[in-house]
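S.K.: Next up is a structure, given as structure tokens.
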Amino acid sequence: MTFIKPFLLSCLLPLLLIACGATESNVVQGNRDGILHYGNGAEPQGLDPHVVTGVPENHLIRALFEGLTVKNPITLEPEPGVAERWEFSEEGKVVTFFLNPEAKWSNGDPVTAQDYVWSWNRALHPETGNLYAYMLYPVFNAEAYSKGDVSDFNEVGIKALDSKTLQVTLNAPTPYFLQLMDHYSTFAVHAPTLLKFGKMTDRFTPWTRVGNIVSNGAFTLDEWLINRRIGMKKSNTYWDRDNVSLNGVVFYPTENVVSEERMFRVEQLHRTEVVPLEKIPGYRAQEKSAYIQAPYLGTYYYLINVDRAPTDNVKVRQALALSLDRDKLVRSVLQDTAVPAYSITPPDTLGYYPPQIFSYDPERARQLLSEAGYPNGEGWPGLELIYNTNEAHRKVAVAVQQMWHKELGIDITISNQEWKVYLNSVSQRDFQVARRGWIGDYVDPNNFLDLFITDGGNNNTGYSDPVYDDIVLQQAPRATTREARYALFHEAETRLMEQMPIIPIYTYTSKHLVHPSVEGIYPNLMDSLNLKYVTLHPGRTLEAANE
Amino acid sequence: MLRFILSRLLQAIPVILVVITATFFLVRTAPGGPFDSEKAVMPEVKRALEAQYRLDLPLHEQYFAYLGDLAVGDLGPSFKYPGRSVNEILFSGLPVTAELGFYALLIALIIGGTAGVFASLKPNTKLDYIPMSAAMIGICMPSFLLGPLLVLVFGIYLDWLPISGWGDIPGDKILPSITLGAAYAAYVARLSRAGMLEVLSQDYIRTARAKGLPEWQVITRHALRGGLIPVIAFLGPAFAGLLAGSFVVETIFQIPGLGRFYVQAAFNRDYTMILGTTVFLSTLIVLFNLVSDVIAAWMNPRLRAQLGGGQ
């Protein structure tokens, strides 16, 4: 049996030696070859812009495709993409896009206005089952077509005037319409490629596979190994290719955030999708920190069922909201990685600041609870708070439970539910208080305020206010100036927070680790990254940054 | 022997059918569906999606349609990954998970087998207590603890081995294989020790010693074959368990295997994916159990005589 030990050593030693033979890290190699190594959070569902949804998908699709407009990476204002310029009619209801004559598909075909007509037909067609079809609903008759009430696509407000001129007619002036042109659900796809593999509305065809896919963005798909990596190369047909610095990008499905941070530490990644909470203080303490945090267009809040006792009483809802010390919560539970929120719309949403009609006021909260019939919590019937199973949500819920107990003398039960069970409970309105988060699709207060219109698909609270509906749905779209429009939103949001069908808790932030060799990743409200602006600078290392 | 194998194969069919039926109806009774998402799904979109996946049909029709597809080997399209079939996803992950499982088992056998055999030679001495205590720790230490620990020591502090990936950087297969194999090595150690101890007290070992064979020959020629039967019987279920249970290790080391899809599918209510992986893995478990039974029977002269019948 003595042969076993030498045998084992002879097996393992060469392996160890190979491993130790200083292999170059991804970052060093990438900096030399112009390849960005990108932690992308999860394996994407797919790459079809009209079929998939999700953040990892968004990163990939926006590298492969380009919309009519793109966002300025710093200001988020629309900039020319496939459209080199656009014109609005006087009343703002007709927008004409003039396509860049140099805009080409990766097979060399020109990108035409007809491509957009065909693609929007696909995006809106009832059989496609596009979850984001509503992104195009500002377009005249788009909603009716998507719901099957109009069957002829010619009646929808989109026309190709010629191969490079696209005319879009809107229901009403829509100030955020240009922003929507940078959302992947409005992107054009290459019709002949799709038709080669199936019919227009098919969801399952392999047209997005390596070798099949034809795209129009700054990068082309080069490699796709499921759950391993997705490789892209710089496109040689993209109209602005001279300004693209990267030669390629490799996206990694980094589902495990702890592993992702470790990969970053050993320079396997240039950029991480998130940062584990417990690692943040350590990174912050570094002098030249790789940690980047920025406000994010999303709000974390508790949804209240206003039809169930005791939260059917507005005073109870207000007491619950006023007795939360959000500063303390953000500081102690969230390590200062969030901003306390007192309303649904995040602050500075393209210049809009939401009203703050209350603050942390335990005295007033106790008074309200007493007025509602529960002085010092006496006679409190109990309350259940549900959240989807997640350690971070649990910590917040426990802190909230303690604060309510301490300030109001009431006890609540907190229950976690598995993700789909929780979604089901919320959509069936089978809850009293439920955790919720909303991430904006475009930078405009409308994206947050239309959540709470009567019977809205995302309004699971039971809140209904005809005046609120009128402001959000009728008055705001007709406002002629940004100031007038924001004033209306402000009024609506004040009404909403007076009734308190939700308890805002905090505004999200985006959190990434970015290697010092990377430039062009700017923090912004949408966490929006345009890879064509990213450059790599060899020679900068993680250690050097902190020496 | 052939009849034994055939009858076991025939028994497997109803077992797998029961697994399919139970899974099919159970996943559909779980609250929430594949198309529920945080943002409200418009009713017309939901209808279109359900039609594309045959969810608009009555349940029994869905069931028989699924069985029909399964009969020709089609596990259907994935709900979560539109454009990919379950077959394709399974076969992209299987080689990786199988390779990981194989290495883990190899490590388990070499380390566990050696430790167990050595421990059995000098029972109740240091040579017994030390490896067996280590084995106990190995059984108790979950892979989600051992994995990060190994990564910290060998990947980050010593910087010897890569900490993630599979087949991308030389040596990146070592840590995951050890992590997955450790618990099984511990089982193998305990099983082989027990098996060897039993065999070493048998008469035929005394006979071998009495005829003057050197001790190492007694062990390798006579004792090992009988002593390792419990280990062989354990290997079939162990390998199937490794395939199904590699989820944690695959997540820690970012390995593109099957385990991640299996667990994610359940969370996503990806009906076809849950069914596909369940059918696939249950078939594998049945097969591996059969193979290990056959090998165990072949190694055990008494059983071999029984099964061989009058031949």
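Residues in the structure tokens are numbered from 1 in each chain, the chains being A, B, ... in the order shown, and ligands are numbered from 1 in the order shown.
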Counting only C-alpha atoms, which residues of chain A sit at most 8 Å from some atom of chain B, and what is each one's closest atom pair with its distance in Å to one decimal, listed by chain and rising residue number, as JSON lines?
M.R.:
```
{"residue": "A:Met1", "atom": "CA", "partner": "B:Trp216", "partner_atom": "CA", "distance": 7.4}
{"residue": "A:Ile4", "atom": "CA", "partner": "B:Thr114", "partner_atom": "CA", "distance": 7.6}
{"residue": "A:Leu15", "atom": "CA", "partner": "B:Gly171", "partner_atom": "CA", "distance": 6.0}
{"residue": "A:Leu16", "atom": "CA", "partner": "B:Gly171", "partner_atom": "CA", "distance": 7.0}
{"residue": "A:Ile18", "atom": "CA", "partner": "B:Pro170", "partner_atom": "CA", "distance": 6.3}
{"residue": "A:Ala19", "atom": "CA", "partner": "B:Gly171", "partner_atom": "CA", "distance": 5.0}
{"residue": "A:Cys20", "atom": "CA", "partner": "B:Trp160", "partner_atom": "CA", "distance": 5.1}
{"residue": "A:Thr23", "atom": "CA", "partner": "B:Ile169", "partner_atom": "CA", "distance": 7.9}
{"residue": "A:Pro44", "atom": "CA", "partner": "B:Tyr81", "partner_atom": "CA", "distance": 7.6}
{"residue": "A:Gln45", "atom": "CA", "partner": "B:Tyr81", "partner_atom": "CA", "distance": 4.3}
{"residue": "A:Gly46", "atom": "CA", "partner": "B:Tyr81", "partner_atom": "CA", "distance": 6.0}
{"residue": "A:Val51", "atom": "CA", "partner": "B:Pro82", "partner_atom": "CA", "distance": 7.6}
{"residue": "A:Val52", "atom": "CA", "partner": "B:Pro82", "partner_atom": "CA", "distance": 7.7}
{"residue": "A:Pro126", "atom": "CA", "partner": "B:Ala48", "partner_atom": "CA", "distance": 6.5}
{"residue": "A:Glu127", "atom": "CA", "partner": "B:Ala48", "partner_atom": "CA", "distance": 5.2}
{"residue": "A:Thr128", "atom": "CA", "partner": "B:Ala48", "partner_atom": "CA", "distance": 6.9}
{"residue": "A:Gly129", "atom": "CA", "partner": "B:Val45", "partner_atom": "CA", "distance": 4.6}
{"residue": "A:Asn130", "atom": "CA", "partner": "B:Val45", "partner_atom": "CA", "distance": 6.5}
{"residue": "A:Leu131", "atom": "CA", "partner": "B:Val41", "partner_atom": "CA", "distance": 6.4}
{"residue": "A:Ser146", "atom": "CA", "partner": "B:Glu44", "partner_atom": "CA", "distance": 7.9}
{"residue": "A:Lys147", "atom": "CA", "partner": "B:Glu44", "partner_atom": "CA", "distance": 6.0}
{"residue": "A:Arg203", "atom": "CA", "partner": "B:Gly83", "partner_atom": "CA", "distance": 6.3}
{"residue": "A:Phe204", "atom": "CA", "partner": "B:Gly83", "partner_atom": "CA", "distance": 3.8}
{"residue": "A:Thr205", "atom": "CA", "partner": "B:Gly83", "partner_atom": "CA", "distance": 5.3}
{"residue": "A:Pro206", "atom": "CA", "partner": "B:Gly83", "partner_atom": "CA", "distance": 5.8}
{"residue": "A:Ile226", "atom": "CA", "partner": "B:Pro256", "partner_atom": "CA", "distance": 6.7}
{"residue": "A:Asn227", "atom": "CA", "partner": "B:Pro256", "partner_atom": "CA", "distance": 4.6}
{"residue": "A:Arg228", "atom": "CA", "partner": "B:Pro256", "partner_atom": "CA", "distance": 5.4}
{"residue": "A:Pro253", "atom": "CA", "partner": "B:Gln254", "partner_atom": "CA", "distance": 7.9}
{"residue": "A:Thr254", "atom": "CA", "partner": "B:Gln254", "partner_atom": "CA", "distance": 6.9}
{"residue": "A:Glu255", "atom": "CA", "partner": "B:Thr251", "partner_atom": "CA", "distance": 7.4}
{"residue": "A:Asn256", "atom": "CA", "partner": "B:Thr251", "partner_atom": "CA", "distance": 6.2}
{"residue": "A:Ser259", "atom": "CA", "partner": "B:Ile252", "partner_atom": "CA", "distance": 6.1}
{"residue": "A:Arg262", "atom": "CA", "partner": "B:Ile163", "partner_atom": "CA", "distance": 7.8}
{"residue": "A:Met263", "atom": "CA", "partner": "B:Ile163", "partner_atom": "CA", "distance": 7.2}
{"residue": "A:Val266", "atom": "CA", "partner": "B:Ile156", "partner_atom": "CA", "distance": 7.4}
{"residue": "A:Glu418", "atom": "CA", "partner": "B:Phe267", "partner_atom": "CA", "distance": 7.8}
{"residue": "A:Trp419", "atom": "CA", "partner": "B:Phe267", "partner_atom": "CA", "distance": 7.1}
{"residue": "A:Lys420", "atom": "CA", "partner": "B:Gly32", "partner_atom": "CA", "distance": 4.8}
{"residue": "A:Val421", "atom": "CA", "partner": "B:Pro31", "partner_atom": "CA", "distance": 5.2}
{"residue": "A:Leu423", "atom": "CA", "partner": "B:Glu38", "partner_atom": "CA", "distance": 6.7}
{"residue": "A:Asn424", "atom": "CA", "partner": "B:Gly32", "partner_atom": "CA", "distance": 5.1}
{"residue": "A:Gly457", "atom": "CA", "partner": "B:Ala40", "partner_atom": "CA", "distance": 5.3}
{"residue": "A:Asn458", "atom": "CA", "partner": "B:Ala40", "partner_atom": "CA", "distance": 5.4}
```
S.K.: Save the residues we just selected, N, CA and C atoms, as a CSV table (one decimal), in the first residue's frame?
M.R.:
```csv
chain,number,residue,atom,x,y,z
A,1,MET,N,0.8,-1.2,0.0
A,1,MET,CA,0.0,0.0,0.0
A,1,MET,C,0.8,1.3,0.0
A,4,ILE,N,0.8,4.1,-2.7
A,4,ILE,CA,-0.3,5.1,-2.9
A,4,ILE,C,0.2,6.5,-2.8
A,15,LEU,N,0.0,19.0,-11.6
A,15,LEU,CA,-1.2,19.9,-11.7
A,15,LEU,C,-0.9,21.2,-10.9
A,16,LEU,N,-0.3,21.0,-9.7
A,16,LEU,CA,0.0,22.2,-8.9
A,16,LEU,C,1.0,23.0,-9.6
A,18,ILE,N,1.6,23.3,-12.8
A,18,ILE,CA,1.0,24.0,-14.0
A,18,ILE,C,0.3,25.2,-13.4
A,19,ALA,N,-0.5,24.9,-12.3
A,19,ALA,CA,-1.3,26.0,-11.8
A,19,ALA,C,-0.4,27.2,-11.3
A,20,CYS,N,0.7,26.8,-10.7
A,20,CYS,CA,1.5,27.9,-10.1
A,20,CYS,C,2.3,28.6,-11.2
A,23,THR,N,0.2,32.1,-14.6
A,23,THR,CA,-0.6,32.4,-15.8
A,23,THR,C,-1.0,33.9,-15.7
A,44,PRO,N,-27.8,34.9,-19.4
A,44,PRO,CA,-29.0,35.6,-20.0
A,44,PRO,C,-30.0,34.6,-20.5
A,45,GLN,N,-31.3,35.0,-20.5
A,45,GLN,CA,-32.4,34.1,-21.0
A,45,GLN,C,-32.1,33.9,-22.5
A,46,GLY,N,-31.6,34.9,-23.2
A,46,GLY,CA,-31.4,34.9,-24.6
A,46,GLY,C,-31.0,36.2,-25.1
A,51,VAL,N,-38.0,39.4,-27.0
A,51,VAL,CA,-38.5,38.2,-26.3
A,51,VAL,C,-38.0,38.2,-24.8
A,52,VAL,N,-36.8,38.6,-24.6
A,52,VAL,CA,-36.2,38.5,-23.3
A,52,VAL,C,-36.4,39.8,-22.5
A,126,PRO,N,-49.6,40.6,-31.1
A,126,PRO,CA,-50.1,39.8,-30.0
A,126,PRO,C,-49.4,38.4,-29.8
A,127,GLU,N,-49.1,37.8,-31.0
A,127,GLU,CA,-48.5,36.4,-30.9
A,127,GLU,C,-47.1,36.4,-30.4
A,128,THR,N,-46.4,37.5,-30.5
A,128,THR,CA,-45.0,37.5,-30.1
A,128,THR,C,-44.9,37.3,-28.5
A,129,GLY,N,-45.8,37.8,-27.8
A,129,GLY,CA,-45.8,37.7,-26.3
A,129,GLY,C,-44.6,38.5,-25.8
A,130,ASN,N,-44.4,39.7,-26.3
A,130,ASN,CA,-43.3,40.6,-25.8
A,130,ASN,C,-43.8,41.3,-24.5
A,131,LEU,N,-43.0,40.9,-23.4
A,131,LEU,CA,-43.4,41.5,-22.1
A,131,LEU,C,-43.3,43.0,-22.0
A,146,SER,N,-51.5,45.7,-30.2
A,146,SER,CA,-51.0,44.7,-29.3
A,146,SER,C,-52.1,43.9,-28.6
A,147,LYS,N,-53.2,44.6,-28.3
A,147,LYS,CA,-54.3,43.8,-27.6
A,147,LYS,C,-55.2,43.1,-28.6
A,203,ARG,N,-40.8,32.6,-31.0
A,203,ARG,CA,-39.9,32.9,-29.9
A,203,ARG,C,-38.8,32.0,-29.8
A,204,PHE,N,-38.9,30.8,-30.4
A,204,PHE,CA,-37.9,29.7,-30.1
A,204,PHE,C,-36.8,29.5,-31.2
A,205,THR,N,-36.7,30.3,-32.2
A,205,THR,CA,-35.8,30.0,-33.3
A,205,THR,C,-34.4,30.3,-32.9
A,206,PRO,N,-33.4,29.6,-33.5
A,206,PRO,CA,-32.0,29.9,-33.1
A,206,PRO,C,-31.4,31.1,-33.9
A,226,ILE,N,-22.8,28.3,-22.8
A,226,ILE,CA,-23.8,28.4,-21.8
A,226,ILE,C,-23.2,28.4,-20.4
A,227,ASN,N,-23.6,29.3,-19.6
A,227,ASN,CA,-23.1,29.4,-18.2
A,227,ASN,C,-21.6,29.5,-18.0
A,228,ARG,N,-21.0,29.9,-19.1
A,228,ARG,CA,-19.5,30.0,-19.0
A,228,ARG,C,-19.1,31.4,-19.4
A,253,PRO,N,-21.3,35.0,-16.6
A,253,PRO,CA,-22.5,34.9,-15.7
A,253,PRO,C,-22.1,34.7,-14.3
A,254,THR,N,-21.9,35.8,-13.6
A,254,THR,CA,-21.4,35.7,-12.2
A,254,THR,C,-22.6,35.8,-11.2
A,255,GLU,N,-23.3,34.6,-11.1
A,255,GLU,CA,-24.5,34.6,-10.3
A,255,GLU,C,-24.1,34.7,-8.8
A,256,ASN,N,-23.0,34.1,-8.4
A,256,ASN,CA,-22.6,34.1,-7.0
A,256,ASN,C,-21.8,35.3,-6.7
A,259,SER,N,-18.3,34.9,-5.1
A,259,SER,CA,-17.3,34.4,-6.1
A,259,SER,C,-16.9,35.5,-7.0
A,262,ARG,N,-14.4,37.6,-5.5
A,262,ARG,CA,-13.1,36.9,-5.5
A,262,ARG,C,-12.4,37.0,-6.8
A,263,MET,N,-13.2,36.8,-7.9
A,263,MET,CA,-12.7,36.8,-9.3
A,263,MET,C,-12.1,38.2,-9.5
A,266,VAL,N,-8.6,38.6,-7.8
A,266,VAL,CA,-7.5,38.0,-8.5
A,266,VAL,C,-7.4,38.4,-10.0
A,418,GLU,N,-41.0,32.0,-1.0
A,418,GLU,CA,-40.2,31.7,-2.2
A,418,GLU,C,-40.6,32.7,-3.3
A,419,TRP,N,-39.7,33.1,-4.2
A,419,TRP,CA,-40.0,34.1,-5.2
A,419,TRP,C,-41.3,34.1,-5.9
A,420,LYS,N,-41.6,32.9,-6.5
A,420,LYS,CA,-42.8,32.8,-7.3
A,420,LYS,C,-44.1,32.8,-6.4
A,421,VAL,N,-43.9,32.2,-5.2
A,421,VAL,CA,-45.1,32.2,-4.3
A,421,VAL,C,-45.4,33.7,-3.9
A,423,LEU,N,-44.6,36.4,-5.6
A,423,LEU,CA,-45.2,37.1,-6.7
A,423,LEU,C,-46.7,36.8,-6.8
A,424,ASN,N,-47.0,35.6,-6.6
A,424,ASN,CA,-48.4,35.1,-6.6
A,424,ASN,C,-49.2,35.8,-5.5
A,457,GLY,N,-51.9,47.5,-13.6
A,457,GLY,CA,-51.4,46.1,-13.4
A,457,GLY,C,-50.4,46.0,-12.2
A,458,ASN,N,-49.7,47.1,-11.9
A,458,ASN,CA,-48.7,47.0,-10.8
A,458,ASN,C,-49.3,47.6,-9.5
```
S.K.: Which neighbours of Lys395 in chain A fall inside 12 Å, counting only C-alpha atoms, when residues of the same chain fewer than 6 positions from it are skipped, and could you give them as a ChimeraX atom specification?
M.R.: /A:329-330,332-335,387,389,401-402,414,416
S.K.: Could you write those residues out with N, CA and C atoms, as an mmCIF file, in the first residue's frame?
M.R.:
```
data_model
loop_
_atom_site.group_PDB
_atom_site.id
_atom_site.type_symbol
_atom_site.label_atom_id
_atom_site.label_comp_id
_atom_site.auth_asym_id
_atom_site.auth_seq_id
_atom_site.Cartn_x
_atom_site.Cartn_y
_atom_site.Cartn_z
ATOM 1 N N LEU A 329 -31.710 52.910 9.717
ATOM 2 C CA LEU A 329 -31.816 51.668 8.949
ATOM 3 C C LEU A 329 -30.746 51.617 7.859
ATOM 4 N N VAL A 330 -30.632 52.730 7.138
ATOM 5 C CA VAL A 330 -29.670 52.788 6.031
ATOM 6 C C VAL A 330 -28.248 52.676 6.558
ATOM 7 N N SER A 332 -27.173 51.371 9.608
ATOM 8 C CA SER A 332 -26.769 50.165 10.334
ATOM 9 C C SER A 332 -27.016 48.888 9.530
ATOM 10 N N VAL A 333 -28.137 48.797 8.864
ATOM 11 C CA VAL A 333 -28.435 47.547 8.145
ATOM 12 C C VAL A 333 -27.819 47.558 6.750
ATOM 13 N N LEU A 334 -27.821 48.709 6.105
ATOM 14 C CA LEU A 334 -27.434 48.745 4.686
ATOM 15 C C LEU A 334 -26.052 49.354 4.459
ATOM 16 N N GLN A 335 -25.297 49.580 5.514
ATOM 17 C CA GLN A 335 -23.917 50.068 5.390
ATOM 18 C C GLN A 335 -23.810 51.323 4.523
ATOM 19 N N TYR A 387 -42.064 38.967 2.509
ATOM 20 C CA TYR A 387 -40.969 39.351 1.605
ATOM 21 C C TYR A 387 -40.485 38.100 0.906
ATOM 22 N N THR A 389 -37.784 35.384 -0.176
ATOM 23 C CA THR A 389 -36.660 34.852 0.579
ATOM 24 C C THR A 389 -35.342 35.458 0.111
ATOM 25 N N GLN A 401 -39.552 45.590 11.983
ATOM 26 C CA GLN A 401 -40.341 44.944 13.037
ATOM 27 C C GLN A 401 -39.957 45.500 14.415
ATOM 28 N N GLN A 402 -38.644 45.636 14.618
ATOM 29 C CA GLN A 402 -38.178 46.150 15.914
ATOM 30 C C GLN A 402 -38.573 47.613 16.108
ATOM 31 N N ILE A 414 -43.216 38.526 10.524
ATOM 32 C CA ILE A 414 -42.598 38.645 9.201
ATOM 33 C C ILE A 414 -42.458 37.241 8.626
ATOM 34 N N ASN A 416 -41.162 34.956 5.151
ATOM 35 C CA ASN A 416 -40.548 34.931 3.823
ATOM 36 C C ASN A 416 -41.291 33.937 2.947
#
```
S.K.: Once DSSP has gone over the backbone, tell me which residues of range 406-509 of chain A are in strand (DSSP E), as a ChimeraX atom specification.
M.R.: /A:413-417,433-439,502-509
S.K.: Would you mind exporting C-alpha atoms of the selected residues as an mmCIF file, in the first residue's frame?
M.R.:
```cif
data_model
loop_
_atom_site.group_PDB
_atom_site.id
_atom_site.type_symbol
_atom_site.label_atom_id
_atom_site.label_comp_id
_atom_site.auth_asym_id
_atom_site.auth_seq_id
_atom_site.Cartn_x
_atom_site.Cartn_y
_atom_site.Cartn_z
ATOM 1 C CA THR A 413 -45.056 38.791 12.066
ATOM 2 C CA ILE A 414 -42.598 38.645 9.201
ATOM 3 C CA SER A 415 -42.755 35.758 6.749
ATOM 4 C CA ASN A 416 -40.548 34.931 3.823
ATOM 5 C CA GLN A 417 -41.959 33.347 0.705
ATOM 6 C CA VAL A 433 -47.859 44.426 3.865
ATOM 7 C CA ALA A 434 -45.420 43.193 1.211
ATOM 8 C CA ARG A 435 -41.885 44.148 0.268
ATOM 9 C CA ARG A 436 -41.571 45.649 -3.162
ATOM 10 C CA GLY A 437 -39.001 47.274 -5.373
ATOM 11 C CA TRP A 438 -39.441 49.182 -8.573
ATOM 12 C CA ILE A 439 -36.638 49.919 -11.006
ATOM 13 C CA ILE A 502 -46.971 52.367 0.176
ATOM 14 C CA ILE A 503 -44.285 52.948 2.769
ATOM 15 C CA PRO A 504 -41.148 54.163 0.970
ATOM 16 C CA ILE A 505 -38.005 52.850 2.631
ATOM 17 C CA TYR A 506 -34.981 53.702 0.522
ATOM 18 C CA THR A 507 -33.689 54.643 -2.909
ATOM 19 C CA TYR A 508 -31.388 52.034 -4.425
ATOM 20 C CA THR A 509 -27.809 52.604 -5.428
#
```
S.K.: Among range 306-465 of chain A, which ones does DSSP place in alpha helix (DSSP H), written as number ranges by chain?
M.R.: A: 314-322, 326-332, 362-371, 391-408, 419-427, 446-449
S.K.: Taking into account only C-alpha atoms, which residue in the set A:Leu513, A:Thr535, A:Phe251, A:Thr349 is nearest to Lys279 in chain A?
M.R.: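 That would be A:Leu513, the residue with the smallest distance to Lys279 in chain A.
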S.K.: Given only C-alpha atoms as the basis, pick out the residue of B:Leu127, B:Leu55, B:Ile205, B:Leu213 nearest to Gly227 in chain B.
M.R.: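 Smallest separation from Gly227 in chain B among the options: B:Ile205.
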S.K.: Which distance in Å separates CA of Tyr134 in chain A and CA of Ser185 in chain A, to one decimal?
M.R.: 9.2 Å
S.K.: Give me, as a list in words, all polymer residues having an atom no more than 8 Å from range 185-193 of chain B, counting only C-alpha atoms and skipping those fewer than 6 positions away in the same chain.
M.R.: Leu105, Ile107, Ala108, Leu109, Ile110, Ile111, Gly112, Gly113, Thr114, Ala115, Gly116, Val117, Phe118, Ala119, Ser120, Met132, Ala134, Ala135, Met136, Gly138, Ile139, Gly227, Leu228, Pro230 and Val231 of chain B
S.K.: Output N, CA and C atoms for every residue in that selection, as an mmCIF file, in the first residue's frame.
M.R.:
```
data_model
loop_
_atom_site.group_PDB
_atom_site.id
_atom_site.type_symbol
_atom_site.label_atom_id
_atom_site.label_comp_id
_atom_site.auth_asym_id
_atom_site.auth_seq_id
_atom_site.Cartn_x
_atom_site.Cartn_y
_atom_site.Cartn_z
ATOM 1 N N LEU B 105 -15.270 11.703 -7.517
ATOM 2 C CA LEU B 105 -15.364 10.308 -7.097
ATOM 3 C C LEU B 105 -13.970 9.675 -7.030
ATOM 4 N N ILE B 107 -11.183 11.199 -6.424
ATOM 5 C CA ILE B 107 -10.539 11.709 -5.213
ATOM 6 C C ILE B 107 -11.102 10.987 -3.990
ATOM 7 N N ALA B 108 -12.426 10.809 -3.991
ATOM 8 C CA ALA B 108 -13.062 10.136 -2.863
ATOM 9 C C ALA B 108 -12.512 8.724 -2.719
ATOM 10 N N LEU B 109 -12.357 8.037 -3.865
ATOM 11 C CA LEU B 109 -11.899 6.649 -3.808
ATOM 12 C C LEU B 109 -10.450 6.569 -3.369
ATOM 13 N N ILE B 110 -9.610 7.388 -3.957
ATOM 14 C CA ILE B 110 -8.184 7.288 -3.642
ATOM 15 C C ILE B 110 -7.939 7.674 -2.186
ATOM 16 N N ILE B 111 -8.439 8.840 -1.806
ATOM 17 C CA ILE B 111 -8.167 9.305 -0.446
ATOM 18 C C ILE B 111 -8.957 8.483 0.572
ATOM 19 N N GLY B 112 -10.247 8.330 0.323
ATOM 20 C CA GLY B 112 -11.101 7.628 1.281
ATOM 21 C C GLY B 112 -10.728 6.160 1.380
ATOM 22 N N GLY B 113 -10.515 5.535 0.226
ATOM 23 C CA GLY B 113 -10.175 4.112 0.209
ATOM 24 C C GLY B 113 -8.877 3.865 0.958
ATOM 25 N N THR B 114 -7.850 4.655 0.661
ATOM 26 C CA THR B 114 -6.566 4.476 1.323
ATOM 27 C C THR B 114 -6.710 4.642 2.829
ATOM 28 N N ALA B 115 -7.373 5.738 3.208
ATOM 29 C CA ALA B 115 -7.507 6.013 4.638
ATOM 30 C C ALA B 115 -8.266 4.882 5.330
ATOM 31 N N GLY B 116 -9.344 4.410 4.700
ATOM 32 C CA GLY B 116 -10.165 3.369 5.311
ATOM 33 C C GLY B 116 -9.402 2.073 5.465
ATOM 34 N N VAL B 117 -8.650 1.705 4.421
ATOM 35 C CA VAL B 117 -7.923 0.443 4.467
ATOM 36 C C VAL B 117 -6.834 0.511 5.530
ATOM 37 N N PHE B 118 -6.104 1.616 5.550
ATOM 38 C CA PHE B 118 -5.052 1.756 6.568
ATOM 39 C C PHE B 118 -5.642 1.695 7.961
ATOM 40 N N ALA B 119 -6.765 2.384 8.144
ATOM 41 C CA ALA B 119 -7.379 2.418 9.476
ATOM 42 C C ALA B 119 -7.785 1.021 9.912
ATOM 43 N N SER B 120 -8.250 0.208 8.958
ATOM 44 C CA SER B 120 -8.740 -1.121 9.326
ATOM 45 C C SER B 120 -7.593 -2.051 9.707
ATOM 46 N N MET B 132 -9.925 8.463 10.704
ATOM 47 C CA MET B 132 -11.373 8.361 10.892
ATOM 48 C C MET B 132 -11.964 9.647 11.470
ATOM 49 N N ALA B 134 -10.689 12.560 10.825
ATOM 50 C CA ALA B 134 -10.683 13.459 9.673
ATOM 51 C C ALA B 134 -11.901 13.174 8.807
ATOM 52 N N ALA B 135 -12.223 11.873 8.653
ATOM 53 C CA ALA B 135 -13.372 11.502 7.830
ATOM 54 C C ALA B 135 -14.659 12.044 8.423
ATOM 55 N N MET B 136 -14.749 11.981 9.732
ATOM 56 C CA MET B 136 -15.960 12.482 10.393
ATOM 57 C C MET B 136 -16.116 13.985 10.121
ATOM 58 N N GLY B 138 -14.896 15.516 7.596
ATOM 59 C CA GLY B 138 -15.226 15.626 6.171
ATOM 60 C C GLY B 138 -16.715 15.448 5.927
ATOM 61 N N ILE B 139 -17.337 14.474 6.615
ATOM 62 C CA ILE B 139 -18.773 14.243 6.438
ATOM 63 C C ILE B 139 -19.561 15.445 6.947
ATOM 64 N N GLY B 227 -13.593 -6.615 1.009
ATOM 65 C CA GLY B 227 -13.729 -5.463 1.893
ATOM 66 C C GLY B 227 -14.298 -4.253 1.188
ATOM 67 N N LEU B 228 -14.120 -4.193 -0.133
ATOM 68 C CA LEU B 228 -14.557 -2.993 -0.840
ATOM 69 C C LEU B 228 -15.966 -3.120 -1.411
ATOM 70 N N PRO B 230 -18.902 -2.994 0.005
ATOM 71 C CA PRO B 230 -19.808 -1.905 0.427
ATOM 72 C C PRO B 230 -19.515 -0.598 -0.318
ATOM 73 N N VAL B 231 -18.238 -0.366 -0.628
ATOM 74 C CA VAL B 231 -17.872 0.862 -1.347
ATOM 75 C C VAL B 231 -18.447 0.825 -2.761
#
```
